[in-house]
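Report on one structure; see the data block that follows.
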Amino acid sequence: MTIPNVSGEAGSEDPGVTSDQPVPGYNLSVNGGRPGSTSILADGVNNTGVGIARAVVSFTPETVQEFTVQSSAYSAEFGNTGGGVINATTKSGTNSLNGIALWYTRNPTFNARPYRIGNGPRPANNLRYNQVSVTVGGPIFLPKFGEGGKSYYDGRNKSFFFFAYEPRWRRDFLSVTTLLPTAAERSGDFTNLVRTSSGWLPTNIATQFNAASIGTSNIFQQFNLVNGRLVPLAQTCTVGGVTTATFCQFPGNRIPQSMIDPKALALLKFMPDGGGYFIDDAGLVRNYIVQRFVKQDETRYTLRLDHNVTKNDKVNFRYTRTPAIGTRGFGSDINGNTGVSATRSSMCLAITTSSRRI
């Protein structure tokens with residue numbers, strides 16, 4: 001995002017509390033190209049998703065040596081792009097043994113509250129995040145069995161390794177309000193309801209909160225129960241010998257018990273009961289508060305091996321595993337919990353000879 005000719009959003013592969021989808025790199029626009037047209041590489045190898053042009057795997061700053069963004073006048077080997085090329089190069093070992101050990105944490109006690117326009121208290125920042133990174137890299141030393149002289153292979157100036165172990169734990173939640181149906185509505189009884197901007201409210205509740213009606217609350221029959229199956233009806237209704245092009249209203253605004261699927265009644269047992277009615281921050285009448293949350297635990301691994309065959313001939317291998325696993329919670333597994341998970345791996349084998357990559 002700091003490079004000229006780049007705009008849009010970098011994105012993240014961490015799922016949010018609500019319904020956003022993690023698509024890192026997809027919404028970037030490079031050199032005027034449309035979102036989703038950027039070629040994303042890792043160590044020179046394609047790292048762009050097929051179904052959606054997002055980064056297949058991502059890397060933490062502790063595993064990246066450098067990155068380049070090419071937006072024009074690039075070589076023909078980078079022709080598979082509609083705007084630009086982003087290439088991340090991972091770290092490799094050196095002649096010295098080096099490593100990093102860090103713990104990054106965010107806690108609701110220290111988090112800044114999000115900006116809010118208007119009156120009222122600013123909502124809390126409930127993100128709880130912990131990331132550990134342990135990396136090590138250096139020359140490769142291997143034992144030599146049954147040979148005289150050196151008892152080990154000295155990889156300095158020749159063979160190197162780099163390894164990263166990165167677990168992290170993430171929790172976030174927010175409180176949202178909702179309107180749950182009454183016991184009568186769950187049983188198919190829709191009498192004495194008022195249709196308002198907040199939803200269907202019992203008449204006495206609509207009167208209590210001065211919620212005006214925005215339309216009728218009639219329930220119409222669109223199916224007939226035939227041999228245990230709901231068969232769609234023709235969109236006509238005959239009342240008093242007069243046929244009109246509309247469905248017929250259920251008598252008394254009640255759905256017969258025989259037409260309610262027993263499976264639906266069984267699932268409704270898992271829906272919580274609404275409490276007392278109140279006005280939320282948006283001015284809507286609600287009767288329940290839900291704690292929406294996201295839970296994400298994962299451990300990332302990166303392994304890279306480099307070997308200099310000659311001064312001009314080099315080979316490197318990298319394997320990366322990023323199990324991005326997230327669970328969104330919205331009440332219960334019946335009422336809206338969803339999983340956003342994808343274990344992604346990336347493997348790269350590159351051979352460079354005479355300064356050319358094969």
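Each chain of the structure tokens is named A, B, ... in the order shown, its residues numbered from 1; ligands are numbered from 1 in display order.
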Please identify all polymer residues within 8 Å of range 246-252 of chain A, counting only C-alpha atoms, omitting same-chain residues fewer than 5 positions from it, and present them as a PyMOL selection string. chain A and resi 191+218-222+234-238
If you keep C-alpha atoms, can you produce a file of those selected residues as a PDB file, in the first residue's frame?
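The resulting again-v2.pdb:
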ATOM      1  CA  THR A 191     -52.764 -13.114  16.028  1.00  0.00           C
ATOM      2  CA  ASN A 218     -51.766 -11.311   7.592  1.00  0.00           C
ATOM      3  CA  ILE A 219     -50.372 -14.819   7.032  1.00  0.00           C
ATOM      4  CA  PHE A 220     -51.334 -16.392   3.716  1.00  0.00           C
ATOM      5  CA  GLN A 221     -51.528 -20.050   2.770  1.00  0.00           C
ATOM      6  CA  GLN A 222     -49.270 -20.867  -0.183  1.00  0.00           C
ATOM      7  CA  ALA A 234     -52.144 -21.692  -7.492  1.00  0.00           C
ATOM      8  CA  GLN A 235     -52.045 -17.991  -6.668  1.00  0.00           C
ATOM      9  CA  THR A 236     -55.841 -17.625  -6.530  1.00  0.00           C
ATOM     10  CA  CYS A 237     -58.332 -17.390  -3.699  1.00  0.00           C
ATOM     11  CA  THR A 238     -62.105 -17.821  -3.779  1.00  0.00           C
TER      12      THR A 238
END
For range 23-28 of chain A, list every protein, DNA or RNA residue within 12 Å, evaluated using only C-alpha atoms, and leave out those in the same chain fewer than 4 positions away; present the list as a ChimeraX atom specification. /A:1,3,5-16,32-41,47-59,69,82-87,324,340,342
Kindly save the residues from that selection, with N, CA and C atoms included, as a compact mmCIF listing (two decimals), in the first residue's frame.
# COMPACT_ATOMS: atom_id res chain seq x y z
N MET A 1 0.82 -1.21 0.00
CA MET A 1 0.00 0.00 0.00
C MET A 1 0.86 1.26 0.00
N ILE A 3 3.41 1.69 -2.02
CA ILE A 3 4.04 1.82 -3.34
C ILE A 3 3.15 2.66 -4.26
N ASN A 5 1.02 3.74 -7.47
CA ASN A 5 0.16 2.97 -8.38
C ASN A 5 -0.57 1.82 -7.70
N VAL A 6 -0.57 1.78 -6.37
CA VAL A 6 -1.28 0.74 -5.63
C VAL A 6 -2.37 1.38 -4.80
N SER A 7 -3.59 0.85 -4.90
CA SER A 7 -4.72 1.35 -4.12
C SER A 7 -5.60 0.17 -3.72
N GLY A 8 -6.63 0.46 -2.95
CA GLY A 8 -7.55 -0.59 -2.49
C GLY A 8 -7.26 -1.01 -1.07
N GLU A 9 -7.54 -2.27 -0.75
CA GLU A 9 -7.36 -2.79 0.59
C GLU A 9 -6.46 -4.02 0.55
N ALA A 10 -5.51 -4.07 1.48
CA ALA A 10 -4.62 -5.23 1.54
C ALA A 10 -5.38 -6.48 1.98
N GLY A 11 -6.35 -6.31 2.87
CA GLY A 11 -7.14 -7.45 3.33
C GLY A 11 -6.40 -8.28 4.36
N SER A 12 -7.09 -9.28 4.87
CA SER A 12 -6.52 -10.16 5.89
C SER A 12 -7.12 -11.54 5.71
N GLU A 13 -6.39 -12.57 6.14
CA GLU A 13 -6.95 -13.91 6.10
C GLU A 13 -7.59 -14.29 7.43
N ASP A 14 -7.70 -13.32 8.35
CA ASP A 14 -8.38 -13.55 9.61
C ASP A 14 -9.86 -13.24 9.46
N PRO A 15 -10.75 -14.20 9.70
CA PRO A 15 -12.19 -13.91 9.59
C PRO A 15 -12.64 -12.95 10.67
N GLY A 16 -13.53 -12.04 10.30
CA GLY A 16 -14.07 -11.09 11.26
C GLY A 16 -15.23 -11.68 12.05
N GLY A 32 -3.80 0.48 -11.93
CA GLY A 32 -5.10 0.63 -12.55
C GLY A 32 -5.82 -0.67 -12.84
N GLY A 33 -5.22 -1.80 -12.51
CA GLY A 33 -5.89 -3.07 -12.74
C GLY A 33 -7.07 -3.27 -11.81
N ARG A 34 -8.01 -4.07 -12.22
CA ARG A 34 -9.19 -4.33 -11.41
C ARG A 34 -8.84 -5.22 -10.23
N PRO A 35 -9.58 -5.11 -9.12
CA PRO A 35 -9.36 -6.03 -7.99
C PRO A 35 -9.49 -7.47 -8.44
N GLY A 36 -8.62 -8.31 -7.94
CA GLY A 36 -8.63 -9.71 -8.34
C GLY A 36 -7.79 -10.02 -9.55
N SER A 37 -7.13 -9.01 -10.11
CA SER A 37 -6.31 -9.24 -11.32
C SER A 37 -4.82 -9.18 -11.03
N THR A 38 -4.45 -9.05 -9.76
CA THR A 38 -3.04 -8.97 -9.39
C THR A 38 -2.44 -10.37 -9.29
N SER A 39 -1.23 -10.52 -9.80
CA SER A 39 -0.51 -11.79 -9.67
C SER A 39 0.30 -11.76 -8.38
N ILE A 40 0.02 -12.71 -7.48
CA ILE A 40 0.68 -12.79 -6.19
C ILE A 40 1.63 -13.98 -6.20
N LEU A 41 2.91 -13.73 -5.93
CA LEU A 41 3.94 -14.76 -5.97
C LEU A 41 4.57 -14.92 -4.60
N ASN A 47 1.33 -17.84 -6.20
CA ASN A 47 0.69 -17.94 -4.90
C ASN A 47 -0.70 -17.33 -4.96
N THR A 48 -1.32 -17.35 -6.15
CA THR A 48 -2.62 -16.74 -6.38
C THR A 48 -3.68 -17.83 -6.43
N GLY A 49 -4.76 -17.64 -5.68
CA GLY A 49 -5.84 -18.61 -5.67
C GLY A 49 -6.51 -18.73 -7.03
N VAL A 50 -7.04 -19.91 -7.32
CA VAL A 50 -7.68 -20.16 -8.61
C VAL A 50 -9.13 -19.69 -8.59
N GLY A 51 -9.90 -20.11 -7.57
CA GLY A 51 -11.31 -19.73 -7.51
C GLY A 51 -11.50 -18.25 -7.29
N ILE A 52 -10.68 -17.67 -6.42
CA ILE A 52 -10.71 -16.24 -6.17
C ILE A 52 -9.26 -15.80 -6.03
N ALA A 53 -8.90 -14.71 -6.69
CA ALA A 53 -7.50 -14.32 -6.82
C ALA A 53 -6.99 -13.68 -5.53
N ARG A 54 -6.93 -14.44 -4.47
CA ARG A 54 -6.37 -14.01 -3.21
C ARG A 54 -5.06 -14.76 -2.96
N ALA A 55 -4.29 -14.31 -1.98
CA ALA A 55 -3.07 -15.01 -1.64
C ALA A 55 -3.42 -16.37 -1.04
N VAL A 56 -2.83 -17.43 -1.57
CA VAL A 56 -3.11 -18.77 -1.06
C VAL A 56 -2.56 -18.92 0.35
N VAL A 57 -1.29 -18.56 0.53
CA VAL A 57 -0.69 -18.54 1.86
C VAL A 57 -0.10 -17.15 2.09
N SER A 58 -0.03 -16.77 3.34
CA SER A 58 0.58 -15.49 3.67
C SER A 58 1.71 -15.72 4.65
N PHE A 59 2.53 -14.70 4.82
CA PHE A 59 3.72 -14.82 5.65
C PHE A 59 3.75 -13.70 6.67
N VAL A 69 6.99 -5.04 -5.66
CA VAL A 69 5.75 -4.76 -6.37
C VAL A 69 6.13 -4.18 -7.73
N GLY A 82 -3.27 -8.80 -14.68
CA GLY A 82 -4.03 -7.72 -15.30
C GLY A 82 -3.66 -6.36 -14.76
N GLY A 83 -2.66 -6.31 -13.85
CA GLY A 83 -2.28 -5.01 -13.31
C GLY A 83 -0.86 -4.98 -12.82
N GLY A 84 -0.51 -5.88 -11.90
CA GLY A 84 0.82 -5.84 -11.34
C GLY A 84 1.20 -7.18 -10.74
N VAL A 85 2.42 -7.24 -10.23
CA VAL A 85 2.98 -8.47 -9.66
C VAL A 85 3.52 -8.16 -8.27
N ILE A 86 3.07 -8.93 -7.28
CA ILE A 86 3.58 -8.82 -5.92
C ILE A 86 4.33 -10.10 -5.60
N ASN A 87 5.59 -9.97 -5.25
CA ASN A 87 6.43 -11.14 -4.99
C ASN A 87 7.05 -11.02 -3.61
N ALA A 324 -5.36 -21.62 8.49
CA ALA A 324 -6.22 -20.52 8.92
C ALA A 324 -7.59 -21.09 9.29
N VAL A 340 -15.16 -20.89 9.26
CA VAL A 340 -14.37 -20.36 8.16
C VAL A 340 -12.98 -20.95 8.32
N ALA A 342 -9.60 -23.19 6.39
CA ALA A 342 -8.92 -23.70 5.20
C ALA A 342 -7.45 -23.88 5.54
From a DSSP calculation on the backbone, collect every residue of range 102-214 of chain A in strand (DSSP E or B) and output the set as a PDB file with N, CA and C atoms, in the first residue's frame.
ATOM      1  N   LEU A 102       9.601 -14.031  19.844  1.00  0.00           N
ATOM      2  CA  LEU A 102       8.797 -12.885  20.251  1.00  0.00           C
ATOM      3  C   LEU A 102       7.387 -13.320  20.622  1.00  0.00           C
ATOM      4  N   TRP A 103       6.769 -12.490  21.412  1.00  0.00           N
ATOM      5  CA  TRP A 103       5.362 -12.671  21.797  1.00  0.00           C
ATOM      6  C   TRP A 103       4.667 -11.331  21.616  1.00  0.00           C
ATOM      7  N   TYR A 104       3.665 -11.329  20.734  1.00  0.00           N
ATOM      8  CA  TYR A 104       2.884 -10.121  20.454  1.00  0.00           C
ATOM      9  C   TYR A 104       1.490 -10.330  21.022  1.00  0.00           C
ATOM     10  N   THR A 105       1.009  -9.380  21.795  1.00  0.00           N
ATOM     11  CA  THR A 105      -0.290  -9.554  22.436  1.00  0.00           C
ATOM     12  C   THR A 105      -1.115  -8.284  22.347  1.00  0.00           C
ATOM     13  N   ARG A 106      -2.420  -8.480  22.237  1.00  0.00           N
ATOM     14  CA  ARG A 106      -3.389  -7.394  22.332  1.00  0.00           C
ATOM     15  C   ARG A 106      -4.455  -7.821  23.333  1.00  0.00           C
ATOM     16  N   ARG A 128      -8.842  -9.988  21.645  1.00  0.00           N
ATOM     17  CA  ARG A 128      -7.793 -10.598  22.476  1.00  0.00           C
ATOM     18  C   ARG A 128      -6.944 -11.462  21.549  1.00  0.00           C
ATOM     19  N   TYR A 129      -5.685 -11.077  21.373  1.00  0.00           N
ATOM     20  CA  TYR A 129      -4.850 -11.671  20.331  1.00  0.00           C
ATOM     21  C   TYR A 129      -3.461 -11.962  20.897  1.00  0.00           C
ATOM     22  N   ASN A 130      -2.973 -13.158  20.655  1.00  0.00           N
ATOM     23  CA  ASN A 130      -1.629 -13.537  21.068  1.00  0.00           C
ATOM     24  C   ASN A 130      -0.940 -14.271  19.930  1.00  0.00           C
ATOM     25  N   GLN A 131       0.242 -13.810  19.581  1.00  0.00           N
ATOM     26  CA  GLN A 131       1.030 -14.433  18.515  1.00  0.00           C
ATOM     27  C   GLN A 131       2.442 -14.687  19.018  1.00  0.00           C
ATOM     28  N   VAL A 132       2.920 -15.891  18.806  1.00  0.00           N
ATOM     29  CA  VAL A 132       4.280 -16.266  19.158  1.00  0.00           C
ATOM     30  C   VAL A 132       5.020 -16.613  17.877  1.00  0.00           C
ATOM     31  N   SER A 133       6.230 -16.108  17.740  1.00  0.00           N
ATOM     32  CA  SER A 133       7.066 -16.428  16.588  1.00  0.00           C
ATOM     33  C   SER A 133       8.434 -16.876  17.092  1.00  0.00           C
ATOM     34  N   VAL A 134       8.832 -18.055  16.685  1.00  0.00           N
ATOM     35  CA  VAL A 134      10.157 -18.578  17.000  1.00  0.00           C
ATOM     36  C   VAL A 134      10.789 -18.997  15.678  1.00  0.00           C
ATOM     37  N   THR A 135      11.872 -18.332  15.295  1.00  0.00           N
ATOM     38  CA  THR A 135      12.546 -18.645  14.040  1.00  0.00           C
ATOM     39  C   THR A 135      14.019 -18.916  14.316  1.00  0.00           C
ATOM     40  N   VAL A 136      14.607 -19.738  13.457  1.00  0.00           N
ATOM     41  CA  VAL A 136      16.030 -20.033  13.562  1.00  0.00           C
ATOM     42  C   VAL A 136      16.561 -20.322  12.154  1.00  0.00           C
ATOM     43  N   GLY A 137      17.742 -19.848  11.880  1.00  0.00           N
ATOM     44  CA  GLY A 137      18.356 -20.077  10.575  1.00  0.00           C
ATOM     45  C   GLY A 137      19.860 -20.040  10.683  1.00  0.00           C
ATOM     46  N   GLY A 138      20.518 -20.761   9.794  1.00  0.00           N
ATOM     47  CA  GLY A 138      21.970 -20.796   9.808  1.00  0.00           C
ATOM     48  C   GLY A 138      22.500 -21.823   8.839  1.00  0.00           C
ATOM     49  N   PRO A 139      23.789 -22.125   8.925  1.00  0.00           N
ATOM     50  CA  PRO A 139      24.374 -23.134   8.027  1.00  0.00           C
ATOM     51  C   PRO A 139      23.962 -24.538   8.443  1.00  0.00           C
ATOM     52  N   PHE A 141      24.874 -28.309   9.232  1.00  0.00           N
ATOM     53  CA  PHE A 141      25.960 -29.197   9.619  1.00  0.00           C
ATOM     54  C   PHE A 141      25.406 -30.614   9.701  1.00  0.00           C
ATOM     55  N   LEU A 142      26.029 -31.552   8.981  1.00  0.00           N
ATOM     56  CA  LEU A 142      25.587 -32.940   8.973  1.00  0.00           C
ATOM     57  C   LEU A 142      26.755 -33.849   9.351  1.00  0.00           C
ATOM     58  N   PRO A 143      26.495 -34.896  10.100  1.00  0.00           N
ATOM     59  CA  PRO A 143      27.578 -35.817  10.472  1.00  0.00           C
ATOM     60  C   PRO A 143      28.052 -36.627   9.273  1.00  0.00           C
ATOM     61  N   TYR A 152      32.027 -34.054  10.221  1.00  0.00           N
ATOM     62  CA  TYR A 152      30.727 -33.493   9.900  1.00  0.00           C
ATOM     63  C   TYR A 152      30.838 -32.674   8.610  1.00  0.00           C
ATOM     64  N   TYR A 153      29.675 -32.489   7.983  1.00  0.00           N
ATOM     65  CA  TYR A 153      29.598 -31.660   6.779  1.00  0.00           C
ATOM     66  C   TYR A 153      29.409 -30.214   7.212  1.00  0.00           C
ATOM     67  N   ASP A 154      30.265 -29.334   6.769  1.00  0.00           N
ATOM     68  CA  ASP A 154      30.227 -27.908   7.109  1.00  0.00           C
ATOM     69  C   ASP A 154      29.518 -27.164   5.981  1.00  0.00           C
ATOM     70  N   SER A 159      25.425 -24.536   2.261  1.00  0.00           N
ATOM     71  CA  SER A 159      24.062 -25.023   2.525  1.00  0.00           C
ATOM     72  C   SER A 159      23.507 -24.330   3.765  1.00  0.00           C
ATOM     73  N   PHE A 160      22.217 -23.938   3.680  1.00  0.00           N
ATOM     74  CA  PHE A 160      21.616 -23.162   4.759  1.00  0.00           C
ATOM     75  C   PHE A 160      20.183 -23.653   5.014  1.00  0.00           C
ATOM     76  N   PHE A 161      19.699 -23.373   6.202  1.00  0.00           N
ATOM     77  CA  PHE A 161      18.317 -23.716   6.545  1.00  0.00           C
ATOM     78  C   PHE A 161      17.681 -22.528   7.264  1.00  0.00           C
ATOM     79  N   PHE A 162      16.344 -22.483   7.204  1.00  0.00           N
ATOM     80  CA  PHE A 162      15.563 -21.504   7.953  1.00  0.00           C
ATOM     81  C   PHE A 162      14.258 -22.176   8.346  1.00  0.00           C
ATOM     82  N   PHE A 163      13.860 -22.027   9.616  1.00  0.00           N
ATOM     83  CA  PHE A 163      12.627 -22.655  10.102  1.00  0.00           C
ATOM     84  C   PHE A 163      11.908 -21.677  11.015  1.00  0.00           C
ATOM     85  N   ALA A 164      10.569 -21.627  10.858  1.00  0.00           N
ATOM     86  CA  ALA A 164       9.738 -20.744  11.679  1.00  0.00           C
ATOM     87  C   ALA A 164       8.570 -21.533  12.252  1.00  0.00           C
ATOM     88  N   TYR A 165       8.362 -21.382  13.546  1.00  0.00           N
ATOM     89  CA  TYR A 165       7.232 -21.993  14.265  1.00  0.00           C
ATOM     90  C   TYR A 165       6.428 -20.843  14.861  1.00  0.00           C
ATOM     91  N   GLU A 166       5.149 -20.706  14.416  1.00  0.00           N
ATOM     92  CA  GLU A 166       4.385 -19.518  14.773  1.00  0.00           C
ATOM     93  C   GLU A 166       2.945 -19.856  15.159  1.00  0.00           C
ATOM     94  N   PRO A 167       2.719 -20.173  16.418  1.00  0.00           N
ATOM     95  CA  PRO A 167       1.329 -20.364  16.874  1.00  0.00           C
ATOM     96  C   PRO A 167       0.692 -19.020  17.224  1.00  0.00           C
ATOM     97  N   ARG A 168      -0.618 -18.954  17.107  1.00  0.00           N
ATOM     98  CA  ARG A 168      -1.318 -17.757  17.547  1.00  0.00           C
ATOM     99  C   ARG A 168      -2.744 -18.100  17.930  1.00  0.00           C
ATOM    100  N   TRP A 169      -3.302 -17.248  18.799  1.00  0.00           N
ATOM    101  CA  TRP A 169      -4.636 -17.457  19.335  1.00  0.00           C
ATOM    102  C   TRP A 169      -5.374 -16.124  19.279  1.00  0.00           C
ATOM    103  N   ARG A 170      -6.578 -16.163  18.749  1.00  0.00           N
ATOM    104  CA  ARG A 170      -7.326 -14.922  18.543  1.00  0.00           C
ATOM    105  C   ARG A 170      -8.774 -15.095  18.981  1.00  0.00           C
ATOM    106  N   ARG A 171      -9.285 -14.120  19.743  1.00  0.00           N
ATOM    107  CA  ARG A 171     -10.669 -14.088  20.190  1.00  0.00           C
ATOM    108  C   ARG A 171     -11.203 -12.670  20.006  1.00  0.00           C
ATOM    109  N   ASP A 172     -12.415 -12.578  19.524  1.00  0.00           N
ATOM    110  CA  ASP A 172     -13.053 -11.272  19.390  1.00  0.00           C
ATOM    111  C   ASP A 172     -14.562 -11.477  19.478  1.00  0.00           C
ATOM    112  N   PHE A 173     -15.262 -10.477  19.984  1.00  0.00           N
ATOM    113  CA  PHE A 173     -16.712 -10.593  20.064  1.00  0.00           C
ATOM    114  C   PHE A 173     -17.328  -9.207  20.076  1.00  0.00           C
ATOM    115  N   LEU A 174     -18.599  -9.151  19.774  1.00  0.00           N
ATOM    116  CA  LEU A 174     -19.369  -7.920  19.893  1.00  0.00           C
ATOM    117  C   LEU A 174     -20.794  -8.289  20.268  1.00  0.00           C
ATOM    118  N   SER A 175     -21.470  -7.361  20.904  1.00  0.00           N
ATOM    119  CA  SER A 175     -22.849  -7.579  21.348  1.00  0.00           C
ATOM    120  C   SER A 175     -23.800  -6.985  20.320  1.00  0.00           C
ATOM    121  N   VAL A 176     -24.750  -7.785  19.879  1.00  0.00           N
ATOM    122  CA  VAL A 176     -25.773  -7.324  18.942  1.00  0.00           C
ATOM    123  C   VAL A 176     -27.144  -7.649  19.509  1.00  0.00           C
ATOM    124  N   THR A 177     -28.112  -6.870  19.112  1.00  0.00           N
ATOM    125  CA  THR A 177     -29.482  -7.086  19.577  1.00  0.00           C
ATOM    126  C   THR A 177     -30.311  -7.711  18.471  1.00  0.00           C
ATOM    127  N   THR A 178     -31.334  -8.435  18.859  1.00  0.00           N
ATOM    128  CA  THR A 178     -32.191  -9.085  17.878  1.00  0.00           C
ATOM    129  C   THR A 178     -33.593  -9.222  18.462  1.00  0.00           C
ATOM    130  N   ASP A 189     -49.126 -19.221  15.790  1.00  0.00           N
ATOM    131  CA  ASP A 189     -50.183 -18.260  16.110  1.00  0.00           C
ATOM    132  C   ASP A 189     -49.662 -16.847  15.886  1.00  0.00           C
ATOM    133  N   LEU A 193     -50.630  -9.293  16.323  1.00  0.00           N
ATOM    134  CA  LEU A 193     -49.295  -8.799  16.005  1.00  0.00           C
ATOM    135  C   LEU A 193     -49.395  -7.524  15.177  1.00  0.00           C
ATOM    136  N   VAL A 194     -48.412  -6.649  15.351  1.00  0.00           N
ATOM    137  CA  VAL A 194     -48.333  -5.415  14.578  1.00  0.00           C
ATOM    138  C   VAL A 194     -47.026  -5.423  13.807  1.00  0.00           C
ATOM    139  N   ARG A 195     -47.121  -5.181  12.518  1.00  0.00           N
ATOM    140  CA  ARG A 195     -45.920  -5.120  11.681  1.00  0.00           C
ATOM    141  C   ARG A 195     -45.311  -3.732  11.789  1.00  0.00           C
ATOM    142  N   THR A 196     -44.082  -3.642  12.342  1.00  0.00           N
ATOM    143  CA  THR A 196     -43.420  -2.357  12.558  1.00  0.00           C
ATOM    144  C   THR A 196     -42.047  -2.366  11.890  1.00  0.00           C
ATOM    145  N   GLY A 199     -39.986  -5.072  13.245  1.00  0.00           N
ATOM    146  CA  GLY A 199     -40.433  -6.441  13.012  1.00  0.00           C
ATOM    147  C   GLY A 199     -41.829  -6.631  13.560  1.00  0.00           C
ATOM    148  N   TRP A 200     -42.271  -7.859  13.637  1.00  0.00           N
ATOM    149  CA  TRP A 200     -43.592  -8.154  14.190  1.00  0.00           C
ATOM    150  C   TRP A 200     -43.547  -8.081  15.708  1.00  0.00           C
ATOM    151  N   LEU A 201     -44.383  -7.232  16.274  1.00  0.00           N
ATOM    152  CA  LEU A 201     -44.445  -7.051  17.718  1.00  0.00           C
ATOM    153  C   LEU A 201     -45.843  -7.348  18.217  1.00  0.00           C
ATOM    154  N   PRO A 202     -45.981  -7.932  19.418  1.00  0.00           N
ATOM    155  CA  PRO A 202     -47.316  -8.048  20.023  1.00  0.00           C
ATOM    156  C   PRO A 202     -47.944  -6.670  20.158  1.00  0.00           C
TER     157      PRO A 202
END
All helix (DSSP H, G or I) positions in range 24-161 of chain A, as a ChimeraX atom specification: /A:61-63,76-78
Mind writing the picked residues with C-alpha atoms as a CSV table (one decimal), in the first residue's frame?
chain,number,residue,atom,x,y,z
A,61,PRO,CA,7.1,-10.2,8.9
A,62,GLU,CA,9.5,-12.7,10.7
A,63,THR,CA,9.5,-15.0,7.7
A,76,ALA,CA,7.5,-11.4,-20.0
A,77,GLU,CA,7.9,-14.1,-17.3
A,78,PHE,CA,5.4,-12.1,-15.3
Which of A:Pro4, A:Pro256, A:Gly283, A:Pro123 sits closest to Ser197 in chain A [using only C-alpha atoms]: A:Gly283
For Glu66 in chain A, please output as a count of residues only all residues within 9 Å (counting only C-alpha atoms; exclusion window: fewer than 3 positions along the same chain). 5
CA of Gly326 in chain A to CA of Asn126 in chain A: how many Å, to one decimal? 16.5 Å
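For the pair CA of Thr216 in chain A and CA of Lys269 in chain A, the interatomic distance is 28.3 Å.
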Residue among A:Asp281, A:Thr81, A:Ile100, A:Thr203 lying closest to Arg122 in chain A, counting only C-alpha atoms: A:Asp281
In terms of the shortest atom-to-atom distance over only C-alpha atoms, which of A:Tyr277, A:Glu298, A:Gln65, A:Leu225 is closest to Phe209 in chain A?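 Smallest separation from Phe209 in chain A among the options: A:Tyr277.
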Distance in Å - CA of Arg328 in chain A versus CA of Tyr301 in chain A: 24.3 Å
What's the 10 Å shell around Ile260 in chain A, counting only C-alpha atoms, without same-chain residues fewer than 6 positions away, as a list in words? Arg186, Ser187, Gly188, Leu225 and Leu230 of chain A
Let me see the file: selected residues, C-alpha atoms, as a PDB file, in the first residue's frame.
ATOM      1  CA  ARG A 186     -43.311 -20.478  17.316  1.00  0.00           C
ATOM      2  CA  SER A 187     -46.522 -22.490  17.495  1.00  0.00           C
ATOM      3  CA  GLY A 188     -47.928 -20.816  14.362  1.00  0.00           C
ATOM      4  CA  LEU A 225     -50.373 -30.671   2.810  1.00  0.00           C
ATOM      5  CA  LEU A 230     -46.297 -29.370   0.961  1.00  0.00           C
TER       6      LEU A 230
END
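Summary of the local environment: counting only C-alpha atoms, residues at most 10 Å from Lys158 in chain A, other than itself and those fewer than 4 positions away along its chain, are Thr94, Asn95, Pro139, Ile140, Asp154, Asp306, His307, Asn308, Val309, Thr310, Lys311 and Lys314 of chain A.
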